[in-house]
Structures are given as structure tokens and as C-alpha cells.
Amino acid sequence: MKERITALLQEDKADEAIAALETFRSGGGVMDDSLFYLLGNAWRKKGNWQMAMNNYLEAIHLNPESPAAQALEIAEEILSFYNKDMYNQ
């Protein structure tokens, strides 16, 4: 599963990766930290930061050493830098 999702993300097929992971999960598949991390990456590629961060948090909950910890930190830095007023001038 991980290899398939990684390949989809490398091909910029975030929608397909999300659908595959959601189907896997709804079918009773066990989501480990690496799958939540990949799901977070897919949502990030789509620009949905909230869903990305939610999945990174799930990954960190399962494994505090997950690469999702760094991804979450980077996402928080990006969002704290983002200034909506800049676009309203």
C-alpha cells in the first residue's frame, strides 16, 4: 500500500492517493503512522492544510518519531507566515 500511495503522490495524483487510502481504511485496513503521514502529504498537495495537519497529528500520535512531526512543524511555520491581508491591498 505504501509504495502505491508514494507512487501516486510522485505522479501528482493526490486525489487518487486520498481515495485509495480512504477506501483502504473504510474496508478495515489498519492505518499506521506512515499511511497517515502519506495521507497528510496528499492533502497538503491539494492545499488542504487542515486535513494535512490532522493526519500528521494522527501519525505523531501513533509514532512520535514519525516524519510527520517535521512535516507538521513545517506546515505550522508556513501557515504562521501566511498573511491574508497581503492579498487584500
# chains A, B, ... in the order shown; residues from 1 in each chain; ligands from 1
$ residues_around --residues "Ala69 of chain A" --least-positions-apart "2" --cutoff "10 Å" --atoms "only C-alpha atoms" --output "PyMOL selection string"
chain A and resi 37+53+56-57+59-61+63-67+71-75
$ write_last_selection --atoms "C-alpha atoms" --output "JSON list (two decimals), in the first residue's frame"
[["chain", "number", "residue", "atom", "x", "y", "z"],
["A", 37, "TYR", "CA", 1.82, 10.71, 7.01],
["A", 53, "MET", "CA", -2.19, 18.67, 9.78],
["A", 56, "TYR", "CA", 0.16, 14.42, 10.61],
["A", 57, "LEU", "CA", -1.14, 14.59, 14.19],
["A", 59, "ALA", "CA", 0.77, 9.81, 12.63],
["A", 60, "ILE", "CA", 2.59, 11.51, 15.51],
["A", 61, "HIS", "CA", 0.10, 10.05, 17.99],
["A", 63, "ASN", "CA", 4.71, 7.23, 16.43],
["A", 64, "PRO", "CA", 6.27, 10.38, 17.89],
["A", 65, "GLU", "CA", 9.37, 9.72, 15.76],
["A", 66, "SER", "CA", 7.36, 9.79, 12.53],
["A", 67, "PRO", "CA", 8.49, 12.15, 9.76],
["A", 71, "ALA", "CA", 6.02, 17.93, 8.32],
["A", 72, "LEU", "CA", 3.66, 19.33, 10.96],
["A", 73, "GLU", "CA", 6.30, 21.78, 12.17],
["A", 74, "ILE", "CA", 6.92, 22.99, 8.61],
["A", 75, "ALA", "CA", 3.18, 23.32, 7.95]]
$ residues_around --residues "Lys46 of chain A" --least-positions-apart "2" --cutoff "8 Å" --atoms "only C-alpha atoms" --output "PyMOL selection string"
chain A and resi 14-15+42-44+48
$ write_last_selection --atoms "C-alpha atoms" --output "PDB file, in the first residue's frame"
ATOM      1  CA  ALA A  14      -3.232  13.324  -4.772  1.00  0.00           C
ATOM      2  CA  ASP A  15      -6.946  12.700  -5.359  1.00  0.00           C
ATOM      3  CA  ALA A  42      -1.735  14.105  -0.195  1.00  0.00           C
ATOM      4  CA  TRP A  43      -3.987  16.671   1.479  1.00  0.00           C
ATOM      5  CA  ARG A  44      -1.090  19.142   1.604  1.00  0.00           C
ATOM      6  CA  ASN A  48      -5.965  21.499   2.388  1.00  0.00           C
TER       7      ASN A  48
END
$ atom_distance --atom1 "atom CA of Leu62 of chain A" --atom2 "atom CA of Asp33 of chain A"
5.7 Å
$ atom_distance --atom1 "atom CA of Gln50 of chain A" --atom2 "atom CA of Gly28 of chain A"
24.2 Å
$ select_by_dssp --residues "chain A" --states "helix (DSSP H, G or I)" --output "PyMOL selection string"
chain A and resi 2-10+14-26+33-45+49-62+68-81+84-88
$ closest_residue --among "A:Thr6, A:Met1, A:Gly47, A:Ala52" --to "Gly29 of chain A" --atoms "only C-alpha atoms"
A:Met1
$ closest_residue --among "A:Glu16, A:Leu39, A:Gln70, A:Leu79" --to "Asn55 of chain A" --atoms "only C-alpha atoms"
A:Leu39
$ atom_distance --atom1 "atom CA of Ser34 of chain A" --atom2 "atom CA of Glu58 of chain A"
10.0 Å
$ decode --residues "segment 7-20 of chain A" --atoms "C-alpha atoms" --output "mmCIF file, in the first residue's frame"
data_model
loop_
_atom_site.group_PDB
_atom_site.id
_atom_site.type_symbol
_atom_site.label_atom_id
_atom_site.label_comp_id
_atom_site.auth_asym_id
_atom_site.auth_seq_id
_atom_site.Cartn_x
_atom_site.Cartn_y
_atom_site.Cartn_z
ATOM 1 C CA ALA A 7 3.993 6.459 -6.444
ATOM 2 C CA LEU A 8 0.652 8.231 -6.822
ATOM 3 C CA LEU A 9 1.949 11.249 -4.916
ATOM 4 C CA GLN A 10 5.109 11.360 -7.033
ATOM 5 C CA GLU A 11 2.864 11.403 -10.105
ATOM 6 C CA ASP A 12 0.858 14.326 -8.627
ATOM 7 C CA LYS A 13 -2.228 12.148 -8.238
ATOM 8 C CA ALA A 14 -3.232 13.324 -4.772
ATOM 9 C CA ASP A 15 -6.946 12.700 -5.359
ATOM 10 C CA GLU A 16 -6.255 9.069 -6.262
ATOM 11 C CA ALA A 17 -3.962 8.640 -3.254
ATOM 12 C CA ILE A 18 -6.611 10.032 -0.904
ATOM 13 C CA ALA A 19 -9.306 7.832 -2.428
ATOM 14 C CA ALA A 20 -7.111 4.728 -2.167
#
